[in-house]
$ cat entry-v4.cif   # mmCIF, C-alpha atoms
data_start
#
loop_
_atom_site.group_PDB
_atom_site.id
_atom_site.type_symbol
_atom_site.label_atom_id
_atom_site.label_comp_id
_atom_site.auth_asym_id
_atom_site.auth_seq_id
_atom_site.Cartn_x
_atom_site.Cartn_y
_atom_site.Cartn_z
ATOM 1 C CA MET A 1267 42.411 -17.905 15.680
ATOM 2 C CA ASP A 1268 38.688 -17.254 15.446
ATOM 3 C CA ILE A 1269 37.038 -13.890 14.885
ATOM 4 C CA ILE A 1270 36.546 -13.254 18.609
ATOM 5 C CA GLY A 1271 40.256 -13.807 19.232
ATOM 6 C CA TRP A 1272 41.172 -11.328 16.482
ATOM 7 C CA PHE A 1273 38.697 -8.814 17.883
ATOM 8 C CA VAL A 1274 40.140 -9.104 21.400
ATOM 9 C CA LEU A 1275 43.678 -8.748 20.009
ATOM 10 C CA TYR A 1276 42.610 -5.635 18.089
ATOM 11 C CA LEU A 1277 41.010 -4.104 21.190
ATOM 12 C CA LEU A 1278 44.083 -4.776 23.334
ATOM 13 C CA THR A 1279 46.351 -3.248 20.679
ATOM 14 C CA ALA A 1280 44.125 -0.173 20.397
ATOM 15 C CA LEU A 1281 44.032 0.199 24.180
ATOM 16 C CA LEU A 1282 47.811 -0.077 24.455
ATOM 17 C CA GLU A 1283 48.309 2.511 21.702
ATOM 18 C CA THR A 1284 45.899 4.883 23.411
ATOM 19 C CA ILE A 1285 47.576 4.534 26.801
ATOM 20 C CA CYS A 1286 51.067 4.917 25.398
ATOM 21 C CA GLY A 1287 50.164 7.753 23.044
ATOM 22 C CA ALA A 1288 51.407 5.864 19.966
ATOM 23 C CA ARG A 1289 48.706 7.473 17.850
ATOM 24 C CA GLU A 1290 49.776 10.929 18.985
ATOM 25 C CA PRO A 1291 53.549 11.215 18.682
ATOM 26 C CA GLU A 1292 53.316 14.984 19.170
ATOM 27 C CA LEU A 1293 52.176 14.299 22.742
ATOM 28 C CA TYR A 1294 55.366 12.305 23.393
ATOM 29 C CA CYS A 1295 57.335 15.249 22.070
ATOM 30 C CA SER A 1296 55.362 17.692 24.181
ATOM 31 C CA ALA A 1297 55.827 15.518 27.289
ATOM 32 C CA CYS A 1298 59.578 15.441 26.661
ATOM 33 C CA GLN A 1299 59.703 19.211 26.241
ATOM 34 C CA ILE A 1300 57.840 19.621 29.527
ATOM 35 C CA LEU A 1301 60.192 17.192 31.266
ATOM 36 C CA VAL A 1302 63.204 19.199 30.074
ATOM 37 C CA ASP A 1303 61.550 22.492 31.010
ATOM 38 C CA GLU A 1304 60.690 21.295 34.514
ATOM 39 C CA VAL A 1305 64.159 19.868 35.177
ATOM 40 C CA SER A 1306 65.865 22.964 33.756
ATOM 41 C CA TRP A 1307 63.709 25.227 35.891
ATOM 42 C CA ALA A 1308 64.431 23.184 39.035
ATOM 43 C CA VAL A 1309 68.167 23.258 38.304
ATOM 44 C CA SER A 1310 68.027 27.046 37.815
ATOM 45 C CA GLN A 1311 66.252 27.467 41.177
ATOM 46 C CA THR A 1312 69.013 25.678 43.098
ATOM 47 C CA ASP A 1313 71.485 27.870 44.979
ATOM 48 C CA PRO A 1314 74.564 28.134 42.712
ATOM 49 C CA LYS A 1315 76.843 28.406 45.762
ATOM 50 C CA LYS A 1316 75.723 25.037 47.109
ATOM 51 C CA THR A 1317 78.220 22.245 46.431
ATOM 52 C CA VAL A 1318 78.516 18.551 47.135
ATOM 53 C CA GLN A 1319 81.616 16.409 47.600
ATOM 54 C CA ILE A 1320 82.021 13.526 45.210
ATOM 55 C CA GLY A 1321 84.733 11.005 44.591
ATOM 56 C CA SER A 1322 86.231 8.260 46.660
ATOM 57 C CA PHE A 1323 85.954 8.533 50.403
ATOM 58 C CA ARG A 1324 88.575 5.826 50.854
ATOM 59 C CA VAL A 1325 91.839 6.846 52.433
ATOM 60 C CA ASP A 1326 94.954 5.976 50.428
ATOM 61 C CA SER A 1327 98.278 4.863 51.917
ATOM 62 C CA HIS A 1328 99.285 8.515 52.431
ATOM 63 C CA GLY A 1329 96.133 9.349 54.397
ATOM 64 C CA ASN A 1330 94.513 11.350 51.569
ATOM 65 C CA GLN A 1331 91.030 11.120 50.126
ATOM 66 C CA LYS A 1332 90.354 11.698 46.443
ATOM 67 C CA THR A 1333 87.287 13.909 46.687
ATOM 68 C CA TYR A 1334 86.324 17.138 45.019
ATOM 69 C CA GLU A 1335 83.383 19.508 45.103
ATOM 70 C CA VAL A 1336 80.931 20.074 42.280
ATOM 71 C CA PRO A 1337 77.937 22.412 42.060
ATOM 72 C CA TYR A 1338 74.980 20.689 43.702
ATOM 73 C CA ALA A 1339 72.521 21.851 41.014
ATOM 74 C CA ARG A 1340 74.142 19.667 38.345
ATOM 75 C CA SER A 1341 75.339 16.851 40.578
ATOM 76 C CA GLU A 1342 74.199 13.303 39.944
ATOM 77 C CA ILE A 1343 72.610 13.220 43.403
ATOM 78 C CA HIS A 1344 70.455 16.284 42.782
ATOM 79 C CA LEU A 1345 69.537 15.331 39.210
ATOM 80 C CA THR A 1346 68.500 11.845 40.318
ATOM 81 C CA GLU A 1347 66.241 13.362 43.001
ATOM 82 C CA LEU A 1348 64.738 15.740 40.440
ATOM 83 C CA LEU A 1349 63.990 12.973 37.969
ATOM 84 C CA GLU A 1350 62.391 10.851 40.686
ATOM 85 C CA ASN A 1351 59.932 13.639 41.496
ATOM 86 C CA VAL A 1352 59.487 15.673 38.302
ATOM 87 C CA CYS A 1353 56.586 13.644 36.907
ATOM 88 C CA SER A 1354 54.487 14.158 40.029
ATOM 89 C CA GLY A 1355 54.037 17.818 39.035
ATOM 90 C CA MET A 1356 52.214 16.995 35.818
ATOM 91 C CA ASN A 1357 48.865 17.972 37.341
ATOM 92 C CA GLN A 1358 49.721 21.586 36.437
ATOM 93 C CA TYR A 1359 49.266 20.849 32.723
ATOM 94 C CA ALA A 1360 46.379 20.444 30.317
ATOM 95 C CA GLN A 1361 46.128 19.267 26.732
ATOM 96 C CA SER A 1362 45.703 21.914 24.049
ATOM 97 C CA THR A 1363 45.143 21.799 20.304
ATOM 98 C CA ASP A 1364 46.786 24.391 18.062
ATOM 99 C CA GLU A 1365 44.091 26.191 16.075
ATOM 100 C CA LYS A 1366 46.256 26.504 12.943
ATOM 101 C CA THR A 1367 48.014 23.143 12.728
ATOM 102 C CA GLY A 1368 45.676 20.913 14.728
ATOM 103 C CA LYS A 1369 48.661 19.515 16.645
ATOM 104 C CA LYS A 1370 48.101 18.496 20.227
ATOM 105 C CA LYS A 1371 50.434 19.499 23.032
ATOM 106 C CA PHE A 1372 50.501 19.934 26.778
ATOM 107 C CA ILE A 1373 50.548 23.437 28.290
ATOM 108 C CA ARG A 1374 50.952 24.801 31.809
ATOM 109 C CA THR A 1375 47.717 25.899 33.441
ATOM 110 C CA SER A 1376 49.431 28.008 36.103
ATOM 111 C CA SER A 1377 52.468 30.232 35.950
ATOM 112 C CA ARG A 1378 55.475 29.784 38.169
ATOM 113 C CA ASN A 1379 55.567 33.474 39.086
ATOM 114 C CA ASN A 1380 51.818 33.922 39.759
ATOM 115 C CA GLU A 1381 51.297 36.048 36.647
ATOM 116 C CA PRO A 1382 48.114 35.431 34.660
ATOM 117 C CA ILE A 1383 48.362 33.206 31.603
ATOM 118 C CA GLU A 1384 46.009 32.832 28.652
ATOM 119 C CA LEU A 1385 44.525 29.397 28.060
ATOM 120 C CA LYS A 1386 42.890 28.479 24.740
ATOM 121 C CA ASN A 1387 41.513 25.211 23.406
ATOM 122 C CA ILE A 1388 42.402 23.194 26.479
ATOM 123 C CA VAL A 1389 41.190 19.893 27.809
ATOM 124 C CA LEU A 1390 41.612 19.838 31.566
ATOM 125 C CA SER A 1391 40.915 16.372 32.888
ATOM 126 C CA GLY A 1392 42.379 13.762 35.158
ATOM 127 C CA ASP A 1393 42.834 11.458 32.153
ATOM 128 C CA THR A 1394 44.975 14.056 30.375
ATOM 129 C CA GLN A 1395 47.118 14.531 33.442
ATOM 130 C CA LYS A 1396 47.460 10.769 33.906
ATOM 131 C CA LYS A 1397 48.516 10.422 30.272
ATOM 132 C CA LEU A 1398 51.137 13.147 30.662
ATOM 133 C CA ARG A 1399 52.428 11.620 33.875
ATOM 134 C CA PHE A 1400 52.652 8.190 32.196
ATOM 135 C CA LEU A 1401 54.548 9.660 29.227
ATOM 136 C CA CYS A 1402 56.871 11.560 31.576
ATOM 137 C CA GLU A 1403 57.577 8.495 33.691
ATOM 138 C CA SER A 1404 58.205 6.422 30.558
ATOM 139 C CA LEU A 1405 60.728 8.966 29.284
ATOM 140 C CA VAL A 1406 62.505 9.124 32.637
ATOM 141 C CA GLU A 1407 62.583 5.350 33.008
ATOM 142 C CA ASP A 1408 63.933 4.790 29.505
ATOM 143 C CA HIS A 1409 66.497 7.623 29.446
ATOM 144 C CA GLU A 1410 67.352 8.542 33.048
ATOM 145 C CA GLU A 1411 71.103 7.910 32.803
ATOM 146 C CA ASP A 1412 71.435 9.851 29.550
ATOM 147 C CA ILE A 1413 69.411 12.783 30.886
ATOM 148 C CA ILE A 1414 71.525 12.944 34.049
ATOM 149 C CA SER A 1415 74.720 12.790 32.012
ATOM 150 C CA LEU A 1416 73.553 15.585 29.704
ATOM 151 C CA TYR A 1417 72.517 17.872 32.555
ATOM 152 C CA ALA A 1418 75.703 17.184 34.495
ATOM 153 C CA ASN A 1419 77.929 18.069 31.540
ATOM 154 C CA SER A 1420 75.996 20.588 29.454
ATOM 155 C CA GLN A 1421 73.836 23.640 29.872
ATOM 156 C CA ASP A 1422 72.618 24.685 26.447
ATOM 157 C CA ASP A 1423 70.017 23.374 24.017
ATOM 158 C CA MET A 1424 68.883 20.682 26.449
ATOM 159 C CA GLU A 1425 65.489 20.281 24.800
ATOM 160 C CA ARG A 1426 67.065 19.332 21.472
ATOM 161 C CA LYS A 1427 69.672 17.093 23.095
ATOM 162 C CA VAL A 1428 67.169 15.192 25.234
ATOM 163 C CA CYS A 1429 64.071 15.084 23.015
ATOM 164 C CA VAL A 1430 65.641 14.798 19.535
ATOM 165 C CA ASP A 1431 69.030 13.170 20.087
ATOM 166 C CA VAL A 1432 68.467 10.904 23.108
ATOM 167 C CA ALA A 1433 64.766 10.066 23.398
ATOM 168 C CA LYS A 1434 64.089 10.534 19.673
ATOM 169 C CA VAL A 1435 60.484 11.596 20.329
ATOM 170 C CA CYS A 1436 60.768 15.006 18.638
ATOM 171 C CA THR A 1437 61.956 16.005 15.206
ATOM 172 C CA GLU A 1438 63.960 19.029 14.120
ATOM 173 C CA GLU A 1439 60.689 20.372 12.705
ATOM 174 C CA ASP A 1440 59.105 20.114 16.178
ATOM 175 C CA MET A 1441 61.983 22.121 17.632
ATOM 176 C CA GLN A 1442 61.652 24.798 14.932
ATOM 177 C CA GLU A 1443 57.897 25.056 15.550
ATOM 178 C CA GLN A 1444 58.534 25.408 19.281
ATOM 179 C CA THR A 1445 61.141 28.111 18.680
ATOM 180 C CA ALA A 1446 58.879 29.947 16.244
ATOM 181 C CA GLY A 1447 56.069 29.902 18.791
ATOM 182 C CA ASP A 1448 58.355 31.253 21.512
ATOM 183 C CA THR A 1449 59.742 34.209 19.605
ATOM 184 C CA VAL A 1450 58.657 37.640 20.718
ATOM 185 C CA PRO A 1451 57.916 40.128 17.949
ATOM 186 C CA PRO A 1452 60.509 42.902 17.766
ATOM 187 C CA GLN A 1453 59.613 46.120 19.529
ATOM 188 C CA ASN A 1454 59.558 49.347 17.572
ATOM 189 C CA ASP A 1455 61.661 51.803 19.578
ATOM 190 C CA GLU A 1456 61.078 54.753 17.265
ATOM 191 C CA LEU A 1457 59.171 57.761 18.607
#

$ encode --input "entry-v4.cif" --output "structure tokens"
Amino acid sequence: MDIIGWFVLYLLTALLETICGAREPELYCSACQILVDEVSWAVSQTDPKKTVQIGSFRVDSHGNQKTYEVPYARSEIHLTELLENVCSGMNQYAQSTDEKTGKKKFIRTSSRNNEPIELKNIVLSGDTQKKLRFLCESLVEDHEEDIISLYANSQDDMERKVCVDVAKVCTEEDMQEQTAGDTVPPQNDEL
């Protein structure tokens, strides 16, 4: 291969890495955390009294059907619908860089309850949102069945289960950093 061929190969590789975020694994982790957060929030907003019948709708020789009801929020039908649409909401996020660590992550630019939020060091662009949407869609495409199974059967520590155990895009250290950033300082109740 001549020098031009090597140069073209290098450019294509660099372009693919940029599109896929291979140079920024923390963005994959952040995209996974957002995916889990969005799905968890949507599941929590579903009426807990709503149910759906699942099972076989065939009638056996005794005239009975083997169906049973499950909560709609964690049903395969609902979870599949959520995963089909969750990545379309990625336009509500921007890329941010942590001032202390220099790590990049995606953050919400609008709150769900219309309360003001503080935004620092953000890059708000269509390219950032396209990158996040691509990462989200890649995660869903690669792990949809596992994510549905986890949400249908479990309710706790979904971020760790999906992002560390299934997708393997986050590390335990990433989860500890996320938890440390989410902790609220204790309130002093003394007078």

$ resolve_selection --input "entry-v4.cif" --expression "the PyMOL selection byres ((chain A and resi 1372) around 10)" --output "list in words"
Glu1292, Leu1293, Tyr1294, Cys1295, Ser1296, Ala1297, Gln1299, Ile1300, Met1356, Gln1358, Tyr1359, Ala1360, Gln1361, Ser1362, Thr1363, Lys1370, Lys1371, Ile1373, Arg1374, Thr1375, Ile1388, Val1389, Thr1394, Gln1395 and Leu1398 of chain A

$ resolve_selection --input "entry-v4.cif" --expression "the PyMOL selection byres ((chain A and resi 1412) around 12)" --output "PyMOL selection string"
chain A and resi 1342+1345-1346+1349+1405-1411+1413-1420+1424+1427-1429+1431-1433

$ write_last_selection --input "entry-v4.cif" --atoms "C-alpha atoms" --output "PDB file, in the frame of the given file"
ATOM      1  CA  GLU A1342      74.199  13.303  39.944  1.00  0.00           C
ATOM      2  CA  LEU A1345      69.537  15.331  39.210  1.00  0.00           C
ATOM      3  CA  THR A1346      68.500  11.845  40.318  1.00  0.00           C
ATOM      4  CA  LEU A1349      63.990  12.973  37.969  1.00  0.00           C
ATOM      5  CA  LEU A1405      60.728   8.966  29.284  1.00  0.00           C
ATOM      6  CA  VAL A1406      62.505   9.124  32.637  1.00  0.00           C
ATOM      7  CA  GLU A1407      62.583   5.350  33.008  1.00  0.00           C
ATOM      8  CA  ASP A1408      63.933   4.790  29.505  1.00  0.00           C
ATOM      9  CA  HIS A1409      66.497   7.623  29.446  1.00  0.00           C
ATOM     10  CA  GLU A1410      67.352   8.542  33.048  1.00  0.00           C
ATOM     11  CA  GLU A1411      71.103   7.910  32.803  1.00  0.00           C
ATOM     12  CA  ILE A1413      69.411  12.783  30.886  1.00  0.00           C
ATOM     13  CA  ILE A1414      71.525  12.944  34.049  1.00  0.00           C
ATOM     14  CA  SER A1415      74.720  12.790  32.012  1.00  0.00           C
ATOM     15  CA  LEU A1416      73.553  15.585  29.704  1.00  0.00           C
ATOM     16  CA  TYR A1417      72.517  17.872  32.555  1.00  0.00           C
ATOM     17  CA  ALA A1418      75.703  17.184  34.495  1.00  0.00           C
ATOM     18  CA  ASN A1419      77.929  18.069  31.540  1.00  0.00           C
ATOM     19  CA  SER A1420      75.996  20.588  29.454  1.00  0.00           C
ATOM     20  CA  MET A1424      68.883  20.682  26.449  1.00  0.00           C
ATOM     21  CA  LYS A1427      69.672  17.093  23.095  1.00  0.00           C
ATOM     22  CA  VAL A1428      67.169  15.192  25.234  1.00  0.00           C
ATOM     23  CA  CYS A1429      64.071  15.084  23.015  1.00  0.00           C
ATOM     24  CA  ASP A1431      69.030  13.170  20.087  1.00  0.00           C
ATOM     25  CA  VAL A1432      68.467  10.904  23.108  1.00  0.00           C
ATOM     26  CA  ALA A1433      64.766  10.066  23.398  1.00  0.00           C
TER      27      ALA A1433
END

$ axis_aligned_box --input "entry-v4.cif" --around "region 1297-1300 of chain A" --padding-each-side "5 Å" --output "lines of an AutoDock Vina configuration file"
center_x = 57.8
center_y = 17.5
center_z = 27.9
size_x = 13.9
size_y = 14.2
size_z = 13.3

$ closest_residue --input "entry-v4.cif" --among "A:Cys1436, A:Leu1401, A:Ile1343, A:Cys1353" --to "Ile1320 (chain A)" --atoms "all atoms listed in the file"
A:Ile1343

$ atom_distance --input "entry-v4.cif" --atom1 "CA of Ser1341 (chain A)" --atom2 "CA of Val1318 (chain A)"
7.5 Å

$ decode --input "entry-v4.cif" --residues "region 1291-1305 of chain A" --atoms "all heavy atoms" --output "PDB file, in the first residue's frame"
ATOM      1  N   PRO A1291     -14.009   7.192  26.277  1.00  0.00           N
ATOM      2  CA  PRO A1291     -14.855   6.154  26.879  1.00  0.00           C
ATOM      3  C   PRO A1291     -15.774   6.691  27.969  1.00  0.00           C
ATOM      4  O   PRO A1291     -16.832   6.124  28.214  1.00  0.00           O
ATOM      5  CB  PRO A1291     -13.857   5.142  27.429  1.00  0.00           C
ATOM      6  CG  PRO A1291     -12.550   5.840  27.489  1.00  0.00           C
ATOM      7  CD  PRO A1291     -12.585   6.922  26.466  1.00  0.00           C
ATOM      8  N   GLU A1292     -15.388   7.820  28.610  1.00  0.00           N
ATOM      9  CA  GLU A1292     -16.258   8.374  29.636  1.00  0.00           C
ATOM     10  C   GLU A1292     -17.578   8.857  29.042  1.00  0.00           C
ATOM     11  O   GLU A1292     -18.594   8.891  29.724  1.00  0.00           O
ATOM     12  CB  GLU A1292     -15.565   9.493  30.424  1.00  0.00           C
ATOM     13  CG  GLU A1292     -15.239  10.721  29.629  1.00  0.00           C
ATOM     14  CD  GLU A1292     -13.804  10.777  29.119  1.00  0.00           C
ATOM     15  OE1 GLU A1292     -13.108   9.745  29.136  1.00  0.00           O
ATOM     16  OE2 GLU A1292     -13.382  11.853  28.698  1.00  0.00           O
ATOM     17  N   LEU A1293     -17.579   9.214  27.746  1.00  0.00           N
ATOM     18  CA  LEU A1293     -18.829   9.621  27.115  1.00  0.00           C
ATOM     19  C   LEU A1293     -19.750   8.427  26.899  1.00  0.00           C
ATOM     20  O   LEU A1293     -20.969   8.560  26.994  1.00  0.00           O
ATOM     21  CB  LEU A1293     -18.568  10.361  25.805  1.00  0.00           C
ATOM     22  CG  LEU A1293     -17.938  11.746  25.938  1.00  0.00           C
ATOM     23  CD1 LEU A1293     -17.760  12.392  24.576  1.00  0.00           C
ATOM     24  CD2 LEU A1293     -18.750  12.643  26.855  1.00  0.00           C
ATOM     25  N   TYR A1294     -19.186   7.247  26.596  1.00  0.00           N
ATOM     26  CA  TYR A1294     -20.007   6.039  26.519  1.00  0.00           C
ATOM     27  C   TYR A1294     -20.654   5.775  27.871  1.00  0.00           C
ATOM     28  O   TYR A1294     -21.839   5.460  27.962  1.00  0.00           O
ATOM     29  CB  TYR A1294     -19.155   4.829  26.129  1.00  0.00           C
ATOM     30  CG  TYR A1294     -19.166   4.501  24.664  1.00  0.00           C
ATOM     31  CD1 TYR A1294     -18.012   4.617  23.903  1.00  0.00           C
ATOM     32  CD2 TYR A1294     -20.318   4.050  24.037  1.00  0.00           C
ATOM     33  CE1 TYR A1294     -18.001   4.303  22.555  1.00  0.00           C
ATOM     34  CE2 TYR A1294     -20.325   3.735  22.699  1.00  0.00           C
ATOM     35  CZ  TYR A1294     -19.157   3.862  21.962  1.00  0.00           C
ATOM     36  OH  TYR A1294     -19.169   3.554  20.636  1.00  0.00           O
ATOM     37  N   CYS A1295     -19.850   5.883  28.913  1.00  0.00           N
ATOM     38  CA  CYS A1295     -20.367   5.661  30.264  1.00  0.00           C
ATOM     39  C   CYS A1295     -21.466   6.661  30.584  1.00  0.00           C
ATOM     40  O   CYS A1295     -22.533   6.290  31.069  1.00  0.00           O
ATOM     41  CB  CYS A1295     -19.225   5.756  31.278  1.00  0.00           C
ATOM     42  SG  CYS A1295     -19.751   5.508  32.987  1.00  0.00           S
ATOM     43  N   SER A1296     -21.223   7.920  30.291  1.00  0.00           N
ATOM     44  CA  SER A1296     -22.213   8.951  30.555  1.00  0.00           C
ATOM     45  C   SER A1296     -23.497   8.712  29.760  1.00  0.00           C
ATOM     46  O   SER A1296     -24.599   8.875  30.277  1.00  0.00           O
ATOM     47  CB  SER A1296     -21.625  10.324  30.220  1.00  0.00           C
ATOM     48  OG  SER A1296     -22.534  11.346  30.521  1.00  0.00           O
ATOM     49  N   ALA A1297     -23.356   8.305  28.497  1.00  0.00           N
ATOM     50  CA  ALA A1297     -24.536   8.005  27.672  1.00  0.00           C
ATOM     51  C   ALA A1297     -25.322   6.847  28.274  1.00  0.00           C
ATOM     52  O   ALA A1297     -26.558   6.872  28.293  1.00  0.00           O
ATOM     53  CB  ALA A1297     -24.114   7.681  26.245  1.00  0.00           C
ATOM     54  N   CYS A1298     -24.635   5.846  28.775  1.00  0.00           N
ATOM     55  CA  CYS A1298     -25.316   4.706  29.398  1.00  0.00           C
ATOM     56  C   CYS A1298     -26.045   5.147  30.660  1.00  0.00           C
ATOM     57  O   CYS A1298     -27.192   4.752  30.897  1.00  0.00           O
ATOM     58  CB  CYS A1298     -24.302   3.603  29.713  1.00  0.00           C
ATOM     59  SG  CYS A1298     -25.071   2.102  30.345  1.00  0.00           S
ATOM     60  N   GLN A1299     -25.399   5.970  31.468  1.00  0.00           N
ATOM     61  CA  GLN A1299     -26.042   6.462  32.683  1.00  0.00           C
ATOM     62  C   GLN A1299     -27.293   7.268  32.356  1.00  0.00           C
ATOM     63  O   GLN A1299     -28.315   7.155  33.040  1.00  0.00           O
ATOM     64  CB  GLN A1299     -25.050   7.307  33.490  1.00  0.00           C
ATOM     65  CG  GLN A1299     -23.931   6.478  34.079  1.00  0.00           C
ATOM     66  CD  GLN A1299     -22.801   7.315  34.642  1.00  0.00           C
ATOM     67  OE1 GLN A1299     -22.532   8.427  34.188  1.00  0.00           O
ATOM     68  NE2 GLN A1299     -22.127   6.771  35.646  1.00  0.00           N
ATOM     69  N   ILE A1300     -27.232   8.055  31.300  1.00  0.00           N
ATOM     70  CA  ILE A1300     -28.403   8.828  30.876  1.00  0.00           C
ATOM     71  C   ILE A1300     -29.507   7.898  30.388  1.00  0.00           C
ATOM     72  O   ILE A1300     -30.679   8.090  30.714  1.00  0.00           O
ATOM     73  CB  ILE A1300     -28.005   9.848  29.792  1.00  0.00           C
ATOM     74  CG1 ILE A1300     -27.174  10.956  30.428  1.00  0.00           C
ATOM     75  CG2 ILE A1300     -29.222  10.400  29.076  1.00  0.00           C
ATOM     76  CD1 ILE A1300     -26.524  11.882  29.434  1.00  0.00           C
ATOM     77  N   LEU A1301     -29.146   6.895  29.609  1.00  0.00           N
ATOM     78  CA  LEU A1301     -30.122   5.920  29.129  1.00  0.00           C
ATOM     79  C   LEU A1301     -30.854   5.279  30.306  1.00  0.00           C
ATOM     80  O   LEU A1301     -32.088   5.223  30.329  1.00  0.00           O
ATOM     81  CB  LEU A1301     -29.415   4.845  28.291  1.00  0.00           C
ATOM     82  CG  LEU A1301     -30.242   3.626  27.891  1.00  0.00           C
ATOM     83  CD1 LEU A1301     -31.343   4.011  26.920  1.00  0.00           C
ATOM     84  CD2 LEU A1301     -29.341   2.567  27.263  1.00  0.00           C
ATOM     85  N   VAL A1302     -30.111   4.841  31.301  1.00  0.00           N
ATOM     86  CA  VAL A1302     -30.716   4.210  32.482  1.00  0.00           C
ATOM     87  C   VAL A1302     -31.588   5.212  33.233  1.00  0.00           C
ATOM     88  O   VAL A1302     -32.706   4.884  33.649  1.00  0.00           O
ATOM     89  CB  VAL A1302     -29.625   3.622  33.404  1.00  0.00           C
ATOM     90  CG1 VAL A1302     -30.212   3.171  34.733  1.00  0.00           C
ATOM     91  CG2 VAL A1302     -28.918   2.459  32.716  1.00  0.00           C
ATOM     92  N   ASP A1303     -31.098   6.432  33.389  1.00  0.00           N
ATOM     93  CA  ASP A1303     -31.870   7.457  34.087  1.00  0.00           C
ATOM     94  C   ASP A1303     -33.182   7.748  33.370  1.00  0.00           C
ATOM     95  O   ASP A1303     -34.238   7.836  34.007  1.00  0.00           O
ATOM     96  CB  ASP A1303     -31.037   8.736  34.220  1.00  0.00           C
ATOM     97  CG  ASP A1303     -31.801   9.836  34.930  1.00  0.00           C
ATOM     98  OD1 ASP A1303     -32.180   9.635  36.102  1.00  0.00           O
ATOM     99  OD2 ASP A1303     -32.032  10.897  34.306  1.00  0.00           O
ATOM    100  N   GLU A1304     -33.130   7.892  32.062  1.00  0.00           N
ATOM    101  CA  GLU A1304     -34.338   8.195  31.292  1.00  0.00           C
ATOM    102  C   GLU A1304     -35.352   7.049  31.342  1.00  0.00           C
ATOM    103  O   GLU A1304     -36.550   7.270  31.505  1.00  0.00           O
ATOM    104  CB  GLU A1304     -33.988   8.534  29.842  1.00  0.00           C
ATOM    105  CG  GLU A1304     -33.259   9.847  29.664  1.00  0.00           C
ATOM    106  CD  GLU A1304     -34.121  11.064  29.952  1.00  0.00           C
ATOM    107  OE1 GLU A1304     -35.348  11.019  29.735  1.00  0.00           O
ATOM    108  OE2 GLU A1304     -33.559  12.086  30.387  1.00  0.00           O
ATOM    109  N   VAL A1305     -34.874   5.823  31.208  1.00  0.00           N
ATOM    110  CA  VAL A1305     -35.785   4.672  31.265  1.00  0.00           C
ATOM    111  C   VAL A1305     -36.364   4.536  32.666  1.00  0.00           C
ATOM    112  O   VAL A1305     -37.571   4.325  32.834  1.00  0.00           O
ATOM    113  CB  VAL A1305     -35.076   3.373  30.817  1.00  0.00           C
ATOM    114  CG1 VAL A1305     -35.955   2.153  31.069  1.00  0.00           C
ATOM    115  CG2 VAL A1305     -34.692   3.456  29.342  1.00  0.00           C
TER     116      VAL A1305
END
